[in-house]
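Novice: Sharing a structure below in structure tokens format, with a few things to ask.
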Amino acid sequence: APWSSHTHTSTMATRKRGRAMVLVAIIALVCTASTSVRAEEDEFGADYDDGPPSSAPPPSSSGATEMTGDELAGSIHSGADVVPHLVKFYAPWCSKCRQMSGDFDAAADRLTRGVNAGTNKFVVASVAEASTGARKLFEDLEIKAYPHVAMFYKGKVFTHAGKDRTSRAFVAFAERDFAQYPSREFVTSLDAYDGEHVTVGLSPKPWHREHMDRALMFIMYMRDDLRGAIFDHSAACVALFFTGLIAGTAALTLTDLVAERLGVPRRGETWDDFKRRTDWEAHREAEKRKAAKKEAKAE
């Protein structure tokens, strides 16, 4: 055609359309995963039971050592540089804390009473919100939601993120995966007055590291949402995938129709190509009319 550059443009537009269709389908699948049950902990929001806090006893800790806030601070001050401290911070009224209690205790048994028994390789503890010294410790560590699992090791606190709270996940986090999680340096100091109470404080974090850690935690939660949706609701995911694919195809087709109706360039078409195409179409229509007139006169 006289405006043959549009042929190349159309080819590119077709390729873009294919990539866009795949992208729309992926986005639809991710959106479904992200809308699964999300009443979880972390800095994005706490899990609270309906109604006022109850006076129920704290979750049982047959595996993890129950510590007060002061006891944990003293233990970290004396040994966190050598012995990793895996800690669960919880509240007695938190339903998620009760649900994960068994898995956390099983992980504690694996880390302290299994192959590592007698080696002092790990200290696994649980600290209740209402224990002695816990309120100040929670404030110093900026713990805003429960349950909150963290590991203190070599001057850094690593925050466990994600929805996988099985004993296997906690063991993997403590033994090898903790370096992949958001971290922050901390310092401990003895009380200047009595020389006994220990204060644990977080070191300032650059603003870009703060945003990177938040993005990392968000990605981890999205990963677990997507994994859970795929494995727990595979049929629904397949149905949604093809629904999104069909809807995306229809939407992309409609954009061309709307562009034609509004007189604007199609997808992937520049204004220059649009002008050349419309001029050529107008010239073609004019030639058709001339040919029709000639035929009419000839008859």
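We label chains A, B, ... in the order they appear in the structure tokens, count residues from 1 in each chain, and number ligands from 1 in the order shown.
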Applying 10 Å and only C-alpha atoms, which residues near segment 169-183 of chain A remain after dropping the ones on its own chain fewer than 4 positions away? List them as a PDB file with N, CA, C and O atoms, in the first residue's frame.
Specialist:
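Contents of the output file selection24.pdb:
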ATOM      1  N   PRO A  84      22.004 -17.726  68.034  1.00  0.00           N
ATOM      2  CA  PRO A  84      20.817 -17.091  67.443  1.00  0.00           C
ATOM      3  C   PRO A  84      19.604 -17.236  68.363  1.00  0.00           C
ATOM      4  O   PRO A  84      19.395 -18.291  68.965  1.00  0.00           O
ATOM      5  N   HIS A  85      18.825 -16.180  68.466  1.00  0.00           N
ATOM      6  CA  HIS A  85      17.604 -16.177  69.267  1.00  0.00           C
ATOM      7  C   HIS A  85      16.401 -16.059  68.330  1.00  0.00           C
ATOM      8  O   HIS A  85      16.196 -15.013  67.718  1.00  0.00           O
ATOM      9  N   LEU A  86      15.652 -17.137  68.218  1.00  0.00           N
ATOM     10  CA  LEU A  86      14.410 -17.126  67.446  1.00  0.00           C
ATOM     11  C   LEU A  86      13.268 -16.851  68.417  1.00  0.00           C
ATOM     12  O   LEU A  86      13.061 -17.616  69.365  1.00  0.00           O
ATOM     13  N   ASP A 103       2.945 -25.060  65.686  1.00  0.00           N
ATOM     14  CA  ASP A 103       4.029 -25.130  64.703  1.00  0.00           C
ATOM     15  C   ASP A 103       5.300 -24.480  65.237  1.00  0.00           C
ATOM     16  O   ASP A 103       6.406 -24.976  64.983  1.00  0.00           O
ATOM     17  N   PHE A 104       5.149 -23.389  65.960  1.00  0.00           N
ATOM     18  CA  PHE A 104       6.339 -22.733  66.500  1.00  0.00           C
ATOM     19  C   PHE A 104       7.000 -23.605  67.561  1.00  0.00           C
ATOM     20  O   PHE A 104       8.232 -23.702  67.610  1.00  0.00           O
ATOM     21  N   ASP A 105       6.196 -24.276  68.394  1.00  0.00           N
ATOM     22  CA  ASP A 105       6.772 -25.166  69.397  1.00  0.00           C
ATOM     23  C   ASP A 105       7.440 -26.377  68.748  1.00  0.00           C
ATOM     24  O   ASP A 105       8.473 -26.855  69.216  1.00  0.00           O
ATOM     25  N   ALA A 106       6.837 -26.875  67.666  1.00  0.00           N
ATOM     26  CA  ALA A 106       7.462 -27.993  66.949  1.00  0.00           C
ATOM     27  C   ALA A 106       8.800 -27.564  66.358  1.00  0.00           C
ATOM     28  O   ALA A 106       9.784 -28.327  66.374  1.00  0.00           O
ATOM     29  N   ALA A 107       8.854 -26.345  65.835  1.00  0.00           N
ATOM     30  CA  ALA A 107      10.129 -25.832  65.325  1.00  0.00           C
ATOM     31  C   ALA A 107      11.143 -25.687  66.455  1.00  0.00           C
ATOM     32  O   ALA A 107      12.335 -25.963  66.267  1.00  0.00           O
ATOM     33  N   ALA A 108      10.670 -25.254  67.632  1.00  0.00           N
ATOM     34  CA  ALA A 108      11.571 -25.138  68.780  1.00  0.00           C
ATOM     35  C   ALA A 108      12.138 -26.491  69.165  1.00  0.00           C
ATOM     36  O   ALA A 108      13.337 -26.620  69.479  1.00  0.00           O
ATOM     37  N   ASP A 109      11.288 -27.522  69.143  1.00  0.00           N
ATOM     38  CA  ASP A 109      11.785 -28.873  69.436  1.00  0.00           C
ATOM     39  C   ASP A 109      12.834 -29.306  68.424  1.00  0.00           C
ATOM     40  O   ASP A 109      13.848 -29.916  68.775  1.00  0.00           O
ATOM     41  N   ARG A 110      12.588 -28.983  67.175  1.00  0.00           N
ATOM     42  CA  ARG A 110      13.544 -29.364  66.128  1.00  0.00           C
ATOM     43  C   ARG A 110      14.862 -28.625  66.289  1.00  0.00           C
ATOM     44  O   ARG A 110      15.938 -29.200  66.088  1.00  0.00           O
ATOM     45  N   LEU A 111      14.799 -27.355  66.677  1.00  0.00           N
ATOM     46  CA  LEU A 111      16.016 -26.551  66.765  1.00  0.00           C
ATOM     47  C   LEU A 111      16.787 -26.738  68.063  1.00  0.00           C
ATOM     48  O   LEU A 111      17.998 -26.524  68.097  1.00  0.00           O
ATOM     49  N   LYS A 121      22.788 -24.412  70.140  1.00  0.00           N
ATOM     50  CA  LYS A 121      22.879 -23.785  68.834  1.00  0.00           C
ATOM     51  C   LYS A 121      21.834 -22.692  68.666  1.00  0.00           C
ATOM     52  O   LYS A 121      22.065 -21.704  67.974  1.00  0.00           O
ATOM     53  N   PHE A 122      20.672 -22.862  69.281  1.00  0.00           N
ATOM     54  CA  PHE A 122      19.591 -21.887  69.172  1.00  0.00           C
ATOM     55  C   PHE A 122      18.950 -21.659  70.539  1.00  0.00           C
ATOM     56  O   PHE A 122      18.913 -22.559  71.374  1.00  0.00           O
ATOM     57  N   VAL A 124      15.178 -20.550  71.461  1.00  0.00           N
ATOM     58  CA  VAL A 124      13.850 -20.334  70.897  1.00  0.00           C
ATOM     59  C   VAL A 124      12.929 -19.936  72.034  1.00  0.00           C
ATOM     60  O   VAL A 124      12.762 -20.688  72.995  1.00  0.00           O
ATOM     61  N   VAL A 149       7.407 -12.790  64.432  1.00  0.00           N
ATOM     62  CA  VAL A 149       8.524 -13.727  64.619  1.00  0.00           C
ATOM     63  C   VAL A 149       9.792 -13.082  64.088  1.00  0.00           C
ATOM     64  O   VAL A 149       9.812 -12.557  62.969  1.00  0.00           O
ATOM     65  N   ALA A 150      10.825 -13.105  64.889  1.00  0.00           N
ATOM     66  CA  ALA A 150      12.092 -12.477  64.502  1.00  0.00           C
ATOM     67  C   ALA A 150      13.246 -13.291  65.047  1.00  0.00           C
ATOM     68  O   ALA A 150      13.088 -14.066  66.001  1.00  0.00           O
ATOM     69  N   MET A 151      14.409 -13.120  64.439  1.00  0.00           N
ATOM     70  CA  MET A 151      15.617 -13.781  64.924  1.00  0.00           C
ATOM     71  C   MET A 151      16.711 -12.745  65.157  1.00  0.00           C
ATOM     72  O   MET A 151      16.989 -11.922  64.277  1.00  0.00           O
ATOM     73  N   PHE A 152      17.310 -12.805  66.325  1.00  0.00           N
ATOM     74  CA  PHE A 152      18.382 -11.907  66.717  1.00  0.00           C
ATOM     75  C   PHE A 152      19.701 -12.661  66.580  1.00  0.00           C
ATOM     76  O   PHE A 152      19.903 -13.706  67.193  1.00  0.00           O
ATOM     77  N   TYR A 153      20.592 -12.085  65.759  1.00  0.00           N
ATOM     78  CA  TYR A 153      21.865 -12.786  65.539  1.00  0.00           C
ATOM     79  C   TYR A 153      22.903 -11.803  65.023  1.00  0.00           C
ATOM     80  O   TYR A 153      22.664 -11.083  64.046  1.00  0.00           O
ATOM     81  N   LYS A 156      21.972  -8.080  64.423  1.00  0.00           N
ATOM     82  CA  LYS A 156      20.865  -7.791  63.517  1.00  0.00           C
ATOM     83  C   LYS A 156      19.629  -8.566  63.942  1.00  0.00           C
ATOM     84  O   LYS A 156      19.732  -9.674  64.477  1.00  0.00           O
ATOM     85  N   VAL A 157      18.480  -7.955  63.698  1.00  0.00           N
ATOM     86  CA  VAL A 157      17.214  -8.641  63.924  1.00  0.00           C
ATOM     87  C   VAL A 157      16.564  -8.860  62.573  1.00  0.00           C
ATOM     88  O   VAL A 157      16.371  -7.923  61.790  1.00  0.00           O
ATOM     89  N   PHE A 158      16.251 -10.112  62.268  1.00  0.00           N
ATOM     90  CA  PHE A 158      15.656 -10.508  60.990  1.00  0.00           C
ATOM     91  C   PHE A 158      14.175 -10.801  61.229  1.00  0.00           C
ATOM     92  O   PHE A 158      13.833 -11.608  62.098  1.00  0.00           O
ATOM     93  N   THR A 159      13.314 -10.158  60.453  1.00  0.00           N
ATOM     94  CA  THR A 159      11.869 -10.295  60.627  1.00  0.00           C
ATOM     95  C   THR A 159      11.308 -11.318  59.659  1.00  0.00           C
ATOM     96  O   THR A 159      11.485 -11.191  58.446  1.00  0.00           O
ATOM     97  N   HIS A 160      10.628 -12.323  60.214  1.00  0.00           N
ATOM     98  CA  HIS A 160       9.994 -13.335  59.362  1.00  0.00           C
ATOM     99  C   HIS A 160       8.762 -12.729  58.705  1.00  0.00           C
ATOM    100  O   HIS A 160       7.947 -12.085  59.348  1.00  0.00           O
ATOM    101  N   ALA A 161       8.642 -12.926  57.408  1.00  0.00           N
ATOM    102  CA  ALA A 161       7.512 -12.391  56.651  1.00  0.00           C
ATOM    103  C   ALA A 161       6.916 -13.498  55.797  1.00  0.00           C
ATOM    104  O   ALA A 161       7.567 -14.495  55.490  1.00  0.00           O
ATOM    105  N   GLY A 162       5.680 -13.311  55.409  1.00  0.00           N
ATOM    106  CA  GLY A 162       5.007 -14.314  54.606  1.00  0.00           C
ATOM    107  C   GLY A 162       3.945 -15.039  55.409  1.00  0.00           C
ATOM    108  O   GLY A 162       3.856 -14.922  56.633  1.00  0.00           O
ATOM    109  N   LYS A 163       3.121 -15.807  54.716  1.00  0.00           N
ATOM    110  CA  LYS A 163       2.013 -16.512  55.358  1.00  0.00           C
ATOM    111  C   LYS A 163       2.338 -17.952  55.716  1.00  0.00           C
ATOM    112  O   LYS A 163       1.522 -18.625  56.330  1.00  0.00           O
ATOM    113  N   ASP A 164       3.500 -18.416  55.325  1.00  0.00           N
ATOM    114  CA  ASP A 164       3.883 -19.791  55.637  1.00  0.00           C
ATOM    115  C   ASP A 164       4.418 -19.845  57.066  1.00  0.00           C
ATOM    116  O   ASP A 164       5.563 -19.494  57.331  1.00  0.00           O
ATOM    117  N   ARG A 165       3.572 -20.275  57.991  1.00  0.00           N
ATOM    118  CA  ARG A 165       3.968 -20.340  59.394  1.00  0.00           C
ATOM    119  C   ARG A 165       3.983 -21.777  59.881  1.00  0.00           C
ATOM    120  O   ARG A 165       3.601 -22.066  61.018  1.00  0.00           O
ATOM    121  N   LYS A 205      17.473   3.331  60.228  1.00  0.00           N
ATOM    122  CA  LYS A 205      17.597   2.695  58.918  1.00  0.00           C
ATOM    123  C   LYS A 205      17.392   3.753  57.841  1.00  0.00           C
ATOM    124  O   LYS A 205      16.476   4.567  57.932  1.00  0.00           O
ATOM    125  N   ARG A 209      16.283   1.879  52.434  1.00  0.00           N
ATOM    126  CA  ARG A 209      16.245   0.514  52.954  1.00  0.00           C
ATOM    127  C   ARG A 209      14.880   0.201  53.551  1.00  0.00           C
ATOM    128  O   ARG A 209      14.371  -0.923  53.428  1.00  0.00           O
ATOM    129  N   GLU A 210      14.292   1.197  54.188  1.00  0.00           N
ATOM    130  CA  GLU A 210      12.962   1.006  54.775  1.00  0.00           C
ATOM    131  C   GLU A 210      11.947   0.663  53.692  1.00  0.00           C
ATOM    132  O   GLU A 210      11.149  -0.276  53.829  1.00  0.00           O
ATOM    133  N   MET A 212      12.601  -0.501  50.679  1.00  0.00           N
ATOM    134  CA  MET A 212      12.962  -1.783  50.061  1.00  0.00           C
ATOM    135  C   MET A 212      12.470  -2.953  50.906  1.00  0.00           C
ATOM    136  O   MET A 212      11.981  -3.951  50.374  1.00  0.00           O
ATOM    137  N   ASP A 213      12.602  -2.828  52.235  1.00  0.00           N
ATOM    138  CA  ASP A 213      12.130  -3.901  53.113  1.00  0.00           C
ATOM    139  C   ASP A 213      10.619  -4.039  53.046  1.00  0.00           C
ATOM    140  O   ASP A 213      10.081  -5.161  53.062  1.00  0.00           O
ATOM    141  N   ARG A 214       9.915  -2.931  52.997  1.00  0.00           N
ATOM    142  CA  ARG A 214       8.465  -2.998  52.880  1.00  0.00           C
ATOM    143  C   ARG A 214       8.049  -3.653  51.560  1.00  0.00           C
ATOM    144  O   ARG A 214       7.110  -4.455  51.524  1.00  0.00           O
ATOM    145  N   ALA A 215       8.751  -3.307  50.497  1.00  0.00           N
ATOM    146  CA  ALA A 215       8.448  -3.924  49.205  1.00  0.00           C
ATOM    147  C   ALA A 215       8.750  -5.419  49.238  1.00  0.00           C
ATOM    148  O   ALA A 215       7.996  -6.232  48.690  1.00  0.00           O
ATOM    149  N   LEU A 216       9.843  -5.792  49.923  1.00  0.00           N
ATOM    150  CA  LEU A 216      10.199  -7.206  50.028  1.00  0.00           C
ATOM    151  C   LEU A 216       9.134  -7.977  50.795  1.00  0.00           C
ATOM    152  O   LEU A 216       8.748  -9.086  50.398  1.00  0.00           O
ATOM    153  N   MET A 217       8.652  -7.409  51.902  1.00  0.00           N
ATOM    154  CA  MET A 217       7.608  -8.072  52.670  1.00  0.00           C
ATOM    155  C   MET A 217       6.327  -8.202  51.855  1.00  0.00           C
ATOM    156  O   MET A 217       5.648  -9.239  51.893  1.00  0.00           O
ATOM    157  N   MET A 220       6.723 -11.021  49.446  1.00  0.00           N
ATOM    158  CA  MET A 220       6.639 -12.325  50.110  1.00  0.00           C
ATOM    159  C   MET A 220       5.190 -12.713  50.389  1.00  0.00           C
ATOM    160  O   MET A 220       4.801 -13.873  50.227  1.00  0.00           O
TER     161      MET A 220
END
Novice: Once DSSP has gone over the backbone, tell me which residues of segment 120-167 of chain A are in strand (DSSP E), as a list in words.
Specialist: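 Strand (DSSP E) assignments inside segment 120-167 of chain A correspond to Val123, Val124, Ala125, Ser126, Val127, Ala128, His148, Val149, Ala150, Met151, Phe152, Tyr153, Lys156, Val157, Phe158 and Thr159 of chain A.
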Novice: So the first atom is atom CA of Ser126 of chain A and the second is atom CA of Tyr90 of chain A; what is the distance between them in Å, to one decimal place?
Specialist: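 Going from atom CA of Ser126 of chain A over to atom CA of Tyr90 of chain A covers 7.4 Å.
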Novice: Measuring between only C-alpha atoms, which one of A:Ile143, A:Ala134, A:Val87, A:Val198 shows the shortest distance to Ala73 of chain A?
Specialist: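 Selected residue with least distance to Ala73 of chain A: A:Val198.
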Novice: Quick one, how far is atom CA of Leu72 of chain A from atom CA of Phe186 of chain A?
Specialist: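 One can read the atom CA of Leu72 of chain A to atom CA of Phe186 of chain A distance as 14.0 Å.
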Novice: As JSON, numbers by chain, please: every residue in segment 60-117 of chain A that DSSP puts in helix (DSSP H, G or I).
Specialist: {"A": [69, 70, 71, 72, 73, 74, 75, 76, 77, 78, 79, 95, 96, 97, 98, 99, 100, 101, 102, 103, 104, 105, 106, 107, 108, 109, 110, 111, 112, 113]}
Novice: Looking at only C-alpha atoms, which of A:Thr278, A:Ser75, A:Ser167, A:Thr112 is the one that sits closest to Gly263 of chain A?
Specialist: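 So, comparing all the options, the nearest one is A:Thr278.
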Novice: In Å, how far is it from atom CA of Glu142 of chain A to atom CA of Leu226 of chain A?
Specialist: 28.5 Å
